[in-house]
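Heads up, model-v4.txt below (compact mmCIF, C-alpha atoms and all ligand atoms):
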# COMPACT_ATOMS: atom_id res chain seq x y z
CA MET A 210 98.41 85.57 113.54
CA LYS A 211 96.92 87.01 110.35
CA ALA A 212 99.20 88.47 107.67
CA ALA A 213 99.26 89.48 103.99
CA VAL A 214 101.98 87.46 102.27
CA ILE A 215 103.36 86.48 98.88
CA ASP A 216 104.62 83.07 97.72
CA ARG A 217 106.45 84.60 94.75
CA PHE A 218 107.35 88.06 93.48
CA GLY A 219 104.93 89.68 91.05
CA GLY A 220 101.80 91.82 90.84
CA PRO A 221 99.12 92.58 93.45
CA GLU A 222 97.45 89.24 92.64
CA GLU A 223 100.30 87.47 94.45
CA ILE A 224 99.18 88.91 97.80
CA TYR A 225 96.94 86.78 99.98
CA TYR A 226 95.68 86.94 103.56
CA THR A 227 96.49 83.96 105.72
CA ASP A 228 97.62 82.61 109.10
CA ILE A 229 101.32 82.52 109.93
CA GLU A 230 103.30 82.13 113.13
CA LYS A 231 103.48 85.07 115.50
CA PRO A 232 107.10 86.28 115.74
CA VAL A 233 109.14 86.02 118.94
CA PRO A 234 111.43 89.02 119.62
CA GLY A 235 115.19 88.38 119.80
CA PRO A 236 117.39 90.08 122.46
CA ASP A 237 117.65 93.40 120.56
CA GLU A 238 114.12 93.28 119.13
CA VAL A 239 110.78 94.90 119.85
CA LEU A 240 107.50 93.04 119.36
CA VAL A 241 104.75 95.38 118.16
CA ARG A 242 101.00 94.68 118.00
CA ASN A 243 100.12 96.52 114.84
CA VAL A 244 97.11 98.81 114.58
CA TYR A 245 97.79 100.70 111.32
CA ILE A 246 99.97 99.80 108.36
CA GLY A 247 101.25 102.21 105.71
CA VAL A 248 101.13 101.31 102.01
CA GLY A 249 103.85 102.90 99.88
CA LYS A 250 106.25 102.66 96.97
CA PRO A 251 108.82 100.56 98.89
CA ASP A 252 106.13 97.86 99.23
CA TYR A 253 105.76 97.80 95.45
CA ILE A 254 109.53 97.48 95.05
CA MET A 255 109.59 94.61 97.54
CA ARG A 256 106.53 92.81 96.16
CA SER A 257 107.72 92.93 92.54
CA GLY A 258 111.14 91.49 93.40
CA ILE A 259 113.27 94.48 92.35
CA CYS A 260 114.40 95.42 95.87
CA PRO A 261 118.20 95.10 95.83
CA PHE A 262 118.71 94.42 99.54
CA LEU A 263 115.84 92.12 100.52
CA GLU A 264 117.26 89.38 102.74
CA ALA A 265 114.10 87.28 103.20
CA LYS A 266 112.55 85.46 100.27
CA PRO A 267 109.09 84.00 99.46
CA PRO A 268 107.20 81.78 100.15
CA LYS A 269 105.09 83.16 103.00
CA LEU A 270 107.00 86.46 102.84
CA VAL A 271 105.07 89.16 104.71
CA VAL A 272 104.70 92.31 102.58
CA GLY A 273 105.28 95.86 103.84
CA ASN A 274 107.83 97.97 105.64
CA GLU A 275 105.86 100.55 107.63
CA CYS A 276 103.45 99.94 110.51
CA ALA A 277 102.35 101.49 113.77
CA GLY A 278 101.01 100.00 116.97
CA ILE A 279 101.59 99.23 120.61
CA VAL A 280 104.72 97.57 122.03
CA GLU A 281 103.78 94.14 123.38
CA ALA A 282 107.22 92.88 124.50
CA VAL A 283 110.90 93.81 124.26
CA GLY A 284 114.09 91.71 124.15
CA SER A 285 116.58 91.75 127.02
CA ASP A 286 119.00 94.19 125.30
CA VAL A 287 116.37 96.80 124.33
CA LYS A 288 116.74 100.15 126.11
CA GLY A 289 114.25 103.05 126.28
CA ILE A 290 111.29 101.18 124.78
CA GLU A 291 108.70 99.52 127.01
CA PRO A 292 105.48 97.53 126.59
CA GLY A 293 102.47 99.81 126.15
CA MET A 294 104.33 102.57 124.26
CA GLN A 295 102.94 103.61 120.88
CA VAL A 296 105.50 103.25 118.12
CA CYS A 297 106.02 103.27 114.39
CA VAL A 298 108.20 100.73 112.60
CA ASN A 299 109.98 101.71 109.42
CA SER A 300 111.56 98.37 108.84
CA GLY A 301 114.80 98.84 106.95
CA LEU A 302 114.36 95.13 106.25
CA GLY A 303 111.76 95.98 103.59
CA TYR A 304 109.25 93.33 104.69
CA GLY A 305 107.16 92.13 107.63
CA ALA A 306 104.70 94.99 108.20
CA TYR A 307 101.41 93.64 106.79
CA ALA A 308 100.71 91.48 109.84
CA GLU A 309 99.07 91.57 113.25
CA TYR A 310 102.52 91.55 114.88
CA ILE A 311 106.05 92.42 113.85
CA ALA A 312 109.36 91.83 115.67
CA VAL A 313 112.17 94.14 114.53
CA PRO A 314 115.52 95.42 115.82
CA GLN A 315 115.12 98.48 118.05
CA LYS A 316 116.87 100.72 115.49
CA PHE A 317 113.80 100.50 113.22
CA VAL A 318 111.38 101.61 115.94
CA THR A 319 110.33 105.21 116.65
CA VAL A 320 108.45 106.02 119.85
CA PHE A 321 105.55 108.47 119.44
CA PRO A 322 104.26 110.50 122.39
CA ASP A 323 100.77 109.53 123.61
CA GLU A 324 99.26 112.78 122.30
CA PHE A 325 100.33 111.91 118.73
CA PRO A 326 97.38 110.29 116.85
CA LEU A 327 98.63 106.78 116.05
CA LYS A 328 96.74 106.80 112.75
CA TYR A 329 99.13 109.50 111.54
CA ALA A 330 102.25 107.47 112.30
CA PRO A 331 102.33 105.54 109.01
CA GLY A 332 103.03 108.25 106.48
CA PHE A 333 104.80 110.40 109.07
CA LEU A 334 108.06 109.71 107.26
CA ASN A 335 106.68 111.61 104.25
CA TYR A 336 106.55 114.74 106.44
CA MET A 337 110.14 114.26 107.51
CA VAL A 338 111.15 113.82 103.86
CA ALA A 339 109.19 116.97 102.98
CA TYR A 340 110.80 118.95 105.80
CA ALA A 341 114.27 117.80 104.75
CA LEU A 342 113.64 118.58 101.08
CA LEU A 343 112.42 122.09 101.82
CA ASN A 344 114.73 123.09 104.64
CA GLU A 345 117.97 121.19 104.28
CA ILE A 346 118.29 119.84 100.76
CA GLY A 347 116.96 122.90 98.96
CA ARG A 348 119.29 125.31 100.75
CA GLY A 349 121.20 127.80 98.66
CA THR A 350 118.25 128.93 96.54
CA ASP A 351 115.97 131.90 97.09
CA GLY A 352 113.48 129.27 98.28
CA LYS A 353 110.34 131.31 97.64
CA SER A 354 108.67 128.86 95.25
CA ILE A 355 108.71 125.16 94.40
CA TYR A 356 107.46 122.92 91.64
CA ILE A 357 106.60 119.32 92.43
CA TYR A 358 105.57 116.76 89.83
CA GLY A 359 103.16 113.93 90.71
CA ALA A 360 102.15 115.96 93.72
CA ALA A 361 99.01 114.04 94.69
CA GLY A 362 101.00 111.17 96.22
CA GLY A 363 102.11 110.76 99.81
CA VAL A 364 105.36 112.72 99.48
CA GLY A 365 103.75 115.34 97.24
CA THR A 366 100.93 115.95 99.73
CA ALA A 367 103.43 116.33 102.56
CA VAL A 368 105.62 118.69 100.52
CA ILE A 369 102.63 120.88 99.60
CA GLN A 370 101.35 121.08 103.19
CA THR A 371 104.81 121.78 104.62
CA ALA A 372 105.70 124.37 101.99
CA LEU A 373 102.43 126.27 102.47
CA LEU A 374 102.87 126.24 106.24
CA GLN A 375 106.31 127.80 105.73
CA GLY A 376 105.00 130.46 103.37
CA ILE A 377 106.51 128.96 100.21
CA GLU A 378 104.55 129.28 96.98
CA VAL A 379 103.58 125.92 95.45
CA ILE A 380 103.33 124.96 91.81
CA ALA A 381 102.20 121.35 91.52
CA SER A 382 101.11 118.95 88.81
CA ALA A 383 99.34 115.63 88.43
CA SER A 384 98.04 113.36 85.69
CA SER A 385 94.26 113.69 86.08
CA GLN A 386 91.56 116.24 86.83
CA GLU A 387 90.65 114.39 90.03
CA LYS A 388 94.25 114.58 91.28
CA CYS A 389 94.55 118.25 90.26
CA ASP A 390 91.35 119.02 92.19
CA TYR A 391 92.80 117.25 95.20
CA ILE A 392 96.07 119.24 95.01
CA LYS A 393 94.07 122.46 94.69
CA SER A 394 92.09 121.52 97.79
CA LEU A 395 95.39 121.35 99.69
CA GLY A 396 96.02 124.97 98.76
CA ALA A 397 98.65 124.80 96.00
CA GLN A 398 98.60 128.15 94.21
CA CYS A 399 99.31 126.92 90.66
CA VAL A 400 98.08 123.47 89.59
CA PHE A 401 98.23 121.84 86.17
CA ASN A 402 97.77 118.50 84.45
CA HIS A 403 101.24 117.47 83.24
CA LYS A 404 99.74 115.14 80.63
CA GLU A 405 97.85 117.97 78.96
CA GLN A 406 99.88 121.09 79.64
CA ASP A 407 103.51 122.02 79.07
CA ALA A 408 105.39 122.61 82.36
CA LYS A 409 107.57 125.37 80.88
CA GLU A 410 104.61 127.32 79.52
CA VAL A 411 102.61 127.08 82.75
CA ILE A 412 105.50 127.85 85.10
CA MET A 413 107.01 130.72 83.09
CA ASP A 414 103.57 132.23 82.67
CA TYR A 415 102.69 131.87 86.35
CA THR A 416 106.05 133.23 87.56
CA ARG A 417 106.01 136.04 84.92
CA GLY A 418 109.22 134.79 83.34
CA ARG A 419 111.20 134.48 86.57
CA GLY A 420 111.05 130.69 86.86
CA VAL A 421 110.71 128.59 89.98
CA ASP A 422 113.35 128.37 92.75
CA LEU A 423 113.21 124.68 93.51
CA ILE A 424 112.12 121.73 91.40
CA PHE A 425 111.58 118.36 93.07
CA ASP A 426 112.14 115.74 90.38
CA GLN A 427 111.25 112.07 90.81
CA LEU A 428 111.46 111.21 87.09
CA VAL A 429 114.85 112.40 85.67
CA GLY A 430 115.11 110.50 82.33
CA ARG A 431 115.60 112.10 78.95
CA ARG A 432 113.51 115.20 79.74
CA PHE A 433 115.74 116.07 82.71
CA ALA A 434 117.62 119.02 81.17
CA SER A 435 114.41 120.64 79.88
CA GLN A 436 113.64 121.63 83.49
CA PHE A 437 116.41 124.27 83.44
CA GLU A 438 114.19 126.23 81.07
CA TYR A 439 111.84 127.10 83.94
CA LEU A 440 114.31 127.28 86.81
CA ALA A 441 114.92 130.72 88.39
CA ASP A 442 118.40 132.20 88.87
CA PHE A 443 120.17 130.45 91.77
CA GLY A 444 117.56 127.69 91.36
CA MET A 445 118.04 124.03 92.09
CA ILE A 446 116.67 120.74 90.79
CA VAL A 447 116.50 118.16 93.56
CA ILE A 448 116.39 114.57 92.34
CA TYR A 449 114.64 112.25 94.78
CA ASN A 450 113.99 109.28 92.47
CA TRP A 451 114.62 108.44 88.82
CA LEU A 452 111.48 106.62 87.69
CA ASP A 453 112.29 107.40 84.03
CA GLY A 454 115.93 106.33 84.32
CA SER A 455 119.18 108.28 84.00
CA PRO A 456 119.57 111.41 81.85
CA GLU A 457 121.56 111.28 78.63
CA LEU A 458 125.25 111.87 79.34
CA ASP A 459 125.40 114.95 77.09
CA GLN A 460 122.92 116.66 79.43
CA LEU A 461 125.89 117.53 81.63
CA ASP A 462 126.70 120.02 78.90
CA THR A 463 123.34 121.71 79.47
CA ILE A 464 124.03 121.91 83.18
CA ILE A 465 127.45 123.54 82.64
CA LYS A 466 125.91 126.07 80.27
CA GLN A 467 123.58 127.12 83.08
CA SER A 468 126.47 128.87 84.85
CA SER A 469 125.09 132.35 84.08
CA HIS A 470 121.99 131.31 86.06
CA ALA A 471 124.02 129.63 88.85
CA SER A 472 121.77 126.58 88.53
CA ALA A 473 122.34 123.58 90.76
CA VAL A 474 121.41 119.92 90.85
CA ARG A 475 121.29 117.90 94.04
CA SER A 476 120.46 114.24 94.51
CA PHE A 477 118.77 113.19 97.75
CA SER A 478 118.02 110.05 99.68
CA PHE A 479 116.66 110.13 103.21
CA HIS A 480 119.43 107.64 104.06
CA ILE A 481 121.67 110.72 104.40
CA TYR A 482 120.33 110.78 107.99
CA ASP A 483 121.16 107.14 108.78
CA ASP A 484 124.39 108.18 110.54
CA LYS A 485 123.12 111.58 111.73
CA PRO A 486 120.78 110.70 114.62
CA GLU A 487 120.80 114.16 116.20
CA ARG A 488 119.88 115.90 112.97
CA LEU A 489 117.19 113.30 112.35
CA ALA A 490 115.80 113.74 115.87
CA LYS A 491 115.51 117.49 115.28
CA ILE A 492 113.51 116.98 112.07
CA ARG A 493 111.34 114.34 113.76
CA LYS A 494 110.53 116.67 116.68
CA ILE A 495 109.58 119.57 114.42
CA CYS A 496 107.31 117.36 112.29
CA MET A 497 105.71 115.66 115.33
CA ASP A 498 104.99 119.05 116.92
CA ARG A 499 103.38 120.33 113.73
CA ILE A 500 101.02 117.35 113.64
CA ILE A 501 100.25 117.30 117.36
CA SER A 502 99.42 121.03 117.28
CA GLY A 503 97.16 120.52 114.26
CA GLU A 504 99.24 122.86 112.05
CA ILE A 505 99.50 119.94 109.66
CA LYS A 506 96.77 117.34 109.26
CA PRO A 507 97.85 114.30 107.23
CA HIS A 508 95.41 113.34 104.52
CA PHE A 509 94.15 109.76 104.06
CA TYR A 510 93.05 108.45 100.73
CA MET A 511 91.60 105.28 102.22
CA ASP A 512 91.73 103.14 105.32
CA LEU A 513 91.24 99.48 104.35
CA PRO A 514 91.29 96.35 106.51
CA LEU A 515 94.53 94.34 106.35
CA SER A 516 92.62 91.54 104.62
CA GLU A 517 92.28 93.91 101.63
CA ALA A 518 96.02 94.42 101.14
CA ARG A 519 95.76 93.12 97.59
CA LYS A 520 93.18 95.79 96.72
CA ALA A 521 95.49 98.43 98.26
CA HIS A 522 98.27 97.34 95.90
CA GLU A 523 95.94 97.40 92.91
CA LEU A 524 95.12 101.02 93.75
CA MET A 525 98.82 101.83 94.22
CA ASP A 526 99.87 100.20 90.95
CA GLY A 527 97.00 102.04 89.21
CA LEU A 528 98.52 105.35 90.46
CA GLN A 529 95.14 106.20 91.99
CA ILE A 530 96.26 107.12 95.51
CA MET A 531 95.89 110.70 96.70
CA GLY A 532 97.57 111.32 100.05
CA LYS A 533 98.23 108.24 102.16
CA LEU A 534 96.65 104.80 101.92
CA ILE A 535 96.67 102.83 105.16
CA LEU A 536 95.50 99.42 106.29
CA HIS A 537 94.14 98.65 109.74
CA VAL A 538 94.35 95.42 111.65
CA GLU A 539 90.90 94.01 112.31
CA GLU A 540 89.95 93.42 115.96
N1 LIG B 601 114.68 110.14 98.11
C1 LIG B 601 114.03 109.70 99.17
O1 LIG B 601 114.58 109.59 100.27
C2 LIG B 601 112.58 109.35 99.03
C3 LIG B 601 111.80 109.09 100.17
C4 LIG B 601 110.46 108.75 100.00
C5 LIG B 601 109.93 108.68 98.72
N2 LIG B 601 110.73 108.90 97.65
C6 LIG B 601 110.18 108.87 96.29
O2 LIG B 601 109.22 109.88 96.23
C7 LIG B 601 108.31 109.60 95.19
C8 LIG B 601 106.91 109.87 95.67
O3 LIG B 601 106.59 108.92 96.68
P1 LIG B 601 105.06 108.63 97.02
O4 LIG B 601 105.04 107.63 98.13
O5 LIG B 601 104.37 109.91 97.17
O6 LIG B 601 104.67 107.88 95.67
P2 LIG B 601 103.29 107.71 94.92
O7 LIG B 601 102.18 108.24 95.72
O8 LIG B 601 103.20 106.28 94.47
O9 LIG B 601 103.57 108.52 93.58
C9 LIG B 601 103.52 109.88 93.53
C10 LIG B 601 103.08 110.27 92.14
O10 LIG B 601 104.12 110.06 91.18
C11 LIG B 601 103.56 109.71 89.92
N3 LIG B 601 104.12 108.39 89.57
C12 LIG B 601 104.12 107.29 90.34
N4 LIG B 601 104.73 106.27 89.72
C13 LIG B 601 105.15 106.74 88.53
C14 LIG B 601 105.86 106.19 87.44
N5 LIG B 601 106.27 104.93 87.44
N6 LIG B 601 106.14 106.99 86.41
C15 LIG B 601 105.73 108.26 86.41
N7 LIG B 601 105.06 108.85 87.42
C16 LIG B 601 104.76 108.10 88.46
C17 LIG B 601 102.05 109.67 90.10
O11 LIG B 601 101.57 110.97 89.81
P3 LIG B 601 100.68 111.31 88.54
O12 LIG B 601 99.68 110.22 88.37
O13 LIG B 601 100.07 112.60 88.93
O14 LIG B 601 101.64 111.43 87.39
C18 LIG B 601 101.90 109.48 91.59
O15 LIG B 601 100.70 109.99 92.11
C19 LIG B 601 108.55 108.14 94.79
O16 LIG B 601 109.23 108.15 93.56
C20 LIG B 601 109.41 107.61 95.91
O17 LIG B 601 110.22 106.55 95.50
C21 LIG B 601 112.03 109.26 97.78
What's the structure tokens form of this structure?
Amino acid sequence: MKAAVIDRFGGPEEIYYTDIEKPVPGPDEVLVRNVYIGVGKPDYIMRSGICPFLEAKPPKLVVGNECAGIVEAVGSDVKGIEPGMQVCVNSGLGYGAYAEYIAVPQKFVTVFPDEFPLKYAPGFLNYMVAYALLNEIGRGTDGKSIYIYGAAGGVGTAVIQTALLQGIEVIASASSQEKCDYIKSLGAQCVFNHKEQDAKEVIMDYTRGRGVDLIFDQLVGRRFASQFEYLADFGMIVIYNWLDGSPELDQLDTIIKQSSHASAVRSFSFHIYDDKPERLAKIRKICMDRIISGEIKPHFYMDLPLSEARKAHELMDGLQIMGKLILHVEE
């Protein structure tokens, strides 16, 4: 079968398209014939060799952790999944998705009803993350407004669409005019370029000095505490990555001094749901229904053939993606 693989960790140039052996499913595994493949940050982490839990190693290591397709065969111990079903694989293994076929343990496979457009399955997780951020993780605030940084990406797009659907006001920022135009086209009410404008000035001006209820922070780093300056009373900063590293230790002091504003900080990973299948199923159902009904329409930046996986990673590393980038398996 065809696959996009790496022989060593590194940049996009390490990815090449080649023939490898088609996998055979083990007793608890599902064999999926892939149709669409999602490209995302975890693939960058895997490809560059900084993934802490990757069990497989190059050479001929298949890139990718998210793909969608049709079940071709199941192992003898698999229950509830049958050949012909449409499914999405979010391989907790971190690899194996950029290929015509993937065989993974059943626990990594989600069945999608026939009426769900398969093309929307990669990237669907972003909508579950967005739902969780807005409805479960951000609880305890007034929840009327949010600010999301780097909002043109996959998660940002999903957060904006979900928030607007739920009647939450959206302040969003990005690093270029093109990305800001894209965010505006999604309907965000206040949009600014975070390279050119000061977040505090824009947000305090837009909210008439009240501040914003919820801040979704994927940077943290040294500027972390400055965000309290535009957080509303009872507001919360939700950390969902720390691309700029940890805050300085003395920033705890700033947090304590926020007590007269009852400010909160919460750190979130979607892995909170790993041992909460019922709660996860509820979120999944709500998000599936919203997409099936057309209330939410996922946005694609590009749909490239699998043979162009390297180009997809060049675009990702260049921070050019707006919405979701997917690959499709050629017939
Ligand atoms: N906690 C969780 O469970 C969870 C789940 C899924 C994703 N995430 C995290 O959510 C974030 C967004 O995911 P995504 O798939 O939407 O990512 P993405 O599309 O690659 O990035 C989103 C935006 O973040 C900014 N950005 C990206 N890399 C950056 C860097 N190294 N330094 C500074 N800014 C950077 C860029 O915006 P500008 O160009 O506009 O600055 C980019 O458009 C990622 O950090 C991801 O790891 C967390």
Could you please extract the residues within 7 Å of ligand LIG 601 (chain B), counting all atoms listed in the file, and hand them back as a CSV table (one decimal) with C-alpha atoms, in the coordinates of the input?
chain,number,residue,atom,x,y,z
A,249,GLY,CA,103.8,102.9,99.9
A,250,LYS,CA,106.2,102.7,97.0
A,335,ASN,CA,106.7,111.6,104.2
A,338,VAL,CA,111.2,113.8,103.9
A,358,TYR,CA,105.6,116.8,89.8
A,359,GLY,CA,103.2,113.9,90.7
A,360,ALA,CA,102.2,116.0,93.7
A,361,ALA,CA,99.0,114.0,94.7
A,362,GLY,CA,101.0,111.2,96.2
A,363,GLY,CA,102.1,110.8,99.8
A,364,VAL,CA,105.4,112.7,99.5
A,365,GLY,CA,103.8,115.3,97.2
A,382,SER,CA,101.1,119.0,88.8
A,383,ALA,CA,99.3,115.6,88.4
A,384,SER,CA,98.0,113.4,85.7
A,385,SER,CA,94.3,113.7,86.1
A,388,LYS,CA,94.2,114.6,91.3
A,427,GLN,CA,111.2,112.1,90.8
A,428,LEU,CA,111.5,111.2,87.1
A,449,TYR,CA,114.6,112.2,94.8
A,450,ASN,CA,114.0,109.3,92.5
A,452,LEU,CA,111.5,106.6,87.7
A,453,ASP,CA,112.3,107.4,84.0
A,477,PHE,CA,118.8,113.2,97.8
A,478,SER,CA,118.0,110.0,99.7
A,479,PHE,CA,116.7,110.1,103.2
A,480,HIS,CA,119.4,107.6,104.1
A,525,MET,CA,98.8,101.8,94.2
A,528,LEU,CA,98.5,105.4,90.5
A,529,GLN,CA,95.1,106.2,92.0
A,530,ILE,CA,96.3,107.1,95.5
A,531,MET,CA,95.9,110.7,96.7
For segment 454-539 of chain A versus segment 327-333 of chain A, which residues have an atom no more than 12 Å away, and what is each residue's nearest atom pair and distance in Å rounded to one decimal, using all atoms listed in the file, chain-then-number order, as a tab-separated table?
residue	atom	partner	partner_atom	distance
A:Ile492	CA	A:Phe333	CA	11.3
A:Arg493	CA	A:Phe333	CA	9.0
A:Lys494	CA	A:Phe333	CA	11.4
A:Ile495	CA	A:Phe333	CA	11.6
A:Cys496	CA	A:Phe333	CA	8.1
A:Met497	CA	A:Phe333	CA	8.2
A:Asp498	CA	A:Phe333	CA	11.7
A:Arg499	CA	A:Phe333	CA	11.1
A:Ile500	CA	A:Tyr329	CA	8.3
A:Ile501	CA	A:Tyr329	CA	9.8
A:Gly503	CA	A:Tyr329	CA	11.5
A:Ile505	CA	A:Tyr329	CA	10.6
A:Lys506	CA	A:Tyr329	CA	8.5
A:Pro507	CA	A:Tyr329	CA	6.6
A:His508	CA	A:Tyr329	CA	8.8
A:Phe509	CA	A:Tyr329	CA	9.0
A:Tyr510	CA	A:Gly332	CA	11.5
A:Met511	CA	A:Lys328	CA	11.8
A:Asp512	CA	A:Lys328	CA	9.7
A:Gly532	CA	A:Gly332	CA	9.0
A:Lys533	CA	A:Gly332	CA	6.5
A:Leu534	CA	A:Gly332	CA	8.6
A:Ile535	CA	A:Pro331	CA	7.4
A:Leu536	CA	A:Pro331	CA	9.6
A:His537	CA	A:Lys328	CA	9.1
A:Val538	CA	A:Lys328	CA	11.7
Using atom CA of Asp422 of chain A and atom CA of Glu457 of chain A as the two end points, give the distance in Å to one decimal.
-> 23.6 Å
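Near segment 403-412 of chain A, within a cut-off of 10 Å and counting all atoms listed in the file, sit the residues Tyr356, Tyr358, Gly359, Ile380, Ala381, Ser382, Ala383, Ser384, Ser385, Cys389, Gly418, Arg419, Gly420, Val421, Ser435, Gln436, Phe437, Glu438, Tyr439 and Leu440 of chain A, with same-chain residues fewer than 6 positions away left out.
One distance worth recording is that between atom CA of Leu270 of chain A and atom CA of Asn299 of chain A, which is 16.9 Å.
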Find the axis-aligned box for segment 327-332 of chain A, covering all its listed atoms and adding 3 Å on each side, and write its centre and edge lengths in Å to one decimal as JSON.
{"center_x": 99.9, "center_y": 107.5, "center_z": 111.3, "size_x": 12.3, "size_y": 10.0, "size_z": 15.6}
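Pairwise distance (atom CA of Asp426 of chain A, atom CA of Val447 of chain A) equals 5.9 Å.
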Which one is closest to Lys211 of chain A: A:Val429, A:Ile346, A:Cys399, A:Leu515? Count all atoms listed in the file.
-> A:Leu515
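Proximity ranking of A:Leu334, A:Val368, A:Val239, A:Ala212 relative to Lys288 of chain A places A:Val239 first, based on all atoms listed in the file.
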Show which residues sit within 10 Å of Lys231 of chain A, as JSON, numbers by chain. Count all atoms listed in the file, and ignore same-chain residues fewer than 3 positions away.
-> {"A": [210, 211, 212, 228, 234, 240, 308, 309, 310, 311, 312]}
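Excluding Phe321 of chain A and any residue on its chain fewer than 3 positions from it, the residues at most 9 Å away by only C-alpha atoms are Met294, Gln295, Val296, Cys297, Glu324, Phe325, Pro326, Leu327, Ala330 and Met497 of chain A.
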Write the selection just made, keeping C-alpha atoms, as a compact mmCIF listing (two decimals), in the coordinates of the input?
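Printed below is out.txt as written:
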# COMPACT_ATOMS: atom_id res chain seq x y z
CA MET A 294 104.33 102.57 124.26
CA GLN A 295 102.94 103.61 120.88
CA VAL A 296 105.50 103.25 118.12
CA CYS A 297 106.02 103.27 114.39
CA GLU A 324 99.26 112.78 122.30
CA PHE A 325 100.33 111.91 118.73
CA PRO A 326 97.38 110.29 116.85
CA LEU A 327 98.63 106.78 116.05
CA ALA A 330 102.25 107.47 112.30
CA MET A 497 105.71 115.66 115.33
Near-segment 464-470 of chain A list (9 Å; all atoms listed in the file; drop same-chain fewer than 6 positions) as a compact mmCIF listing (two decimals) with C-alpha atoms, in the frame of the given file:
# COMPACT_ATOMS: atom_id res chain seq x y z
CA ALA A 434 117.62 119.02 81.17
CA PHE A 437 116.41 124.27 83.44
CA LEU A 440 114.31 127.28 86.81
CA ALA A 441 114.92 130.72 88.39
CA ASP A 442 118.40 132.20 88.87
CA PHE A 443 120.17 130.45 91.77
CA GLY A 444 117.56 127.69 91.36
Could you name the residues that touch Ser285 of chain A at 9 Å or less, counting all atoms listed in the file, but leaving out those on the same chain fewer than 4 positions away, as a VMD selection string?
-> chain A and resid 235 to 238
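Considering only C-alpha atoms, the residue among A:Val287, A:Ile392, A:Leu524, A:Cys276 positioned nearest to Pro221 of chain A is A:Leu524.
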Nearby residues, (91.5, 91.7, 96.5) file frame, 10 Å, only C-alpha atoms, as a PyMOL selection string | chain A and resi 221-226+516-523
With C-alpha atoms retained, could you export that selection as a compact mmCIF listing (two decimals), in the coordinates of the input?
# COMPACT_ATOMS: atom_id res chain seq x y z
CA PRO A 221 99.12 92.58 93.45
CA GLU A 222 97.45 89.24 92.64
CA GLU A 223 100.30 87.47 94.45
CA ILE A 224 99.18 88.91 97.80
CA TYR A 225 96.94 86.78 99.98
CA TYR A 226 95.68 86.94 103.56
CA SER A 516 92.62 91.54 104.62
CA GLU A 517 92.28 93.91 101.63
CA ALA A 518 96.02 94.42 101.14
CA ARG A 519 95.76 93.12 97.59
CA LYS A 520 93.18 95.79 96.72
CA ALA A 521 95.49 98.43 98.26
CA HIS A 522 98.27 97.34 95.90
CA GLU A 523 95.94 97.40 92.91
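Nearest to Leu342 of chain A of all the residues A:Phe401, A:Phe425, A:Phe317, A:Phe433 is A:Phe425, counting all atoms listed in the file.
Distances from A:Ala265, A:Leu343, A:Ile481, A:Ala367 to Leu302 of chain A were compared using all atoms listed in the file, and the smallest one belongs to A:Ala265.
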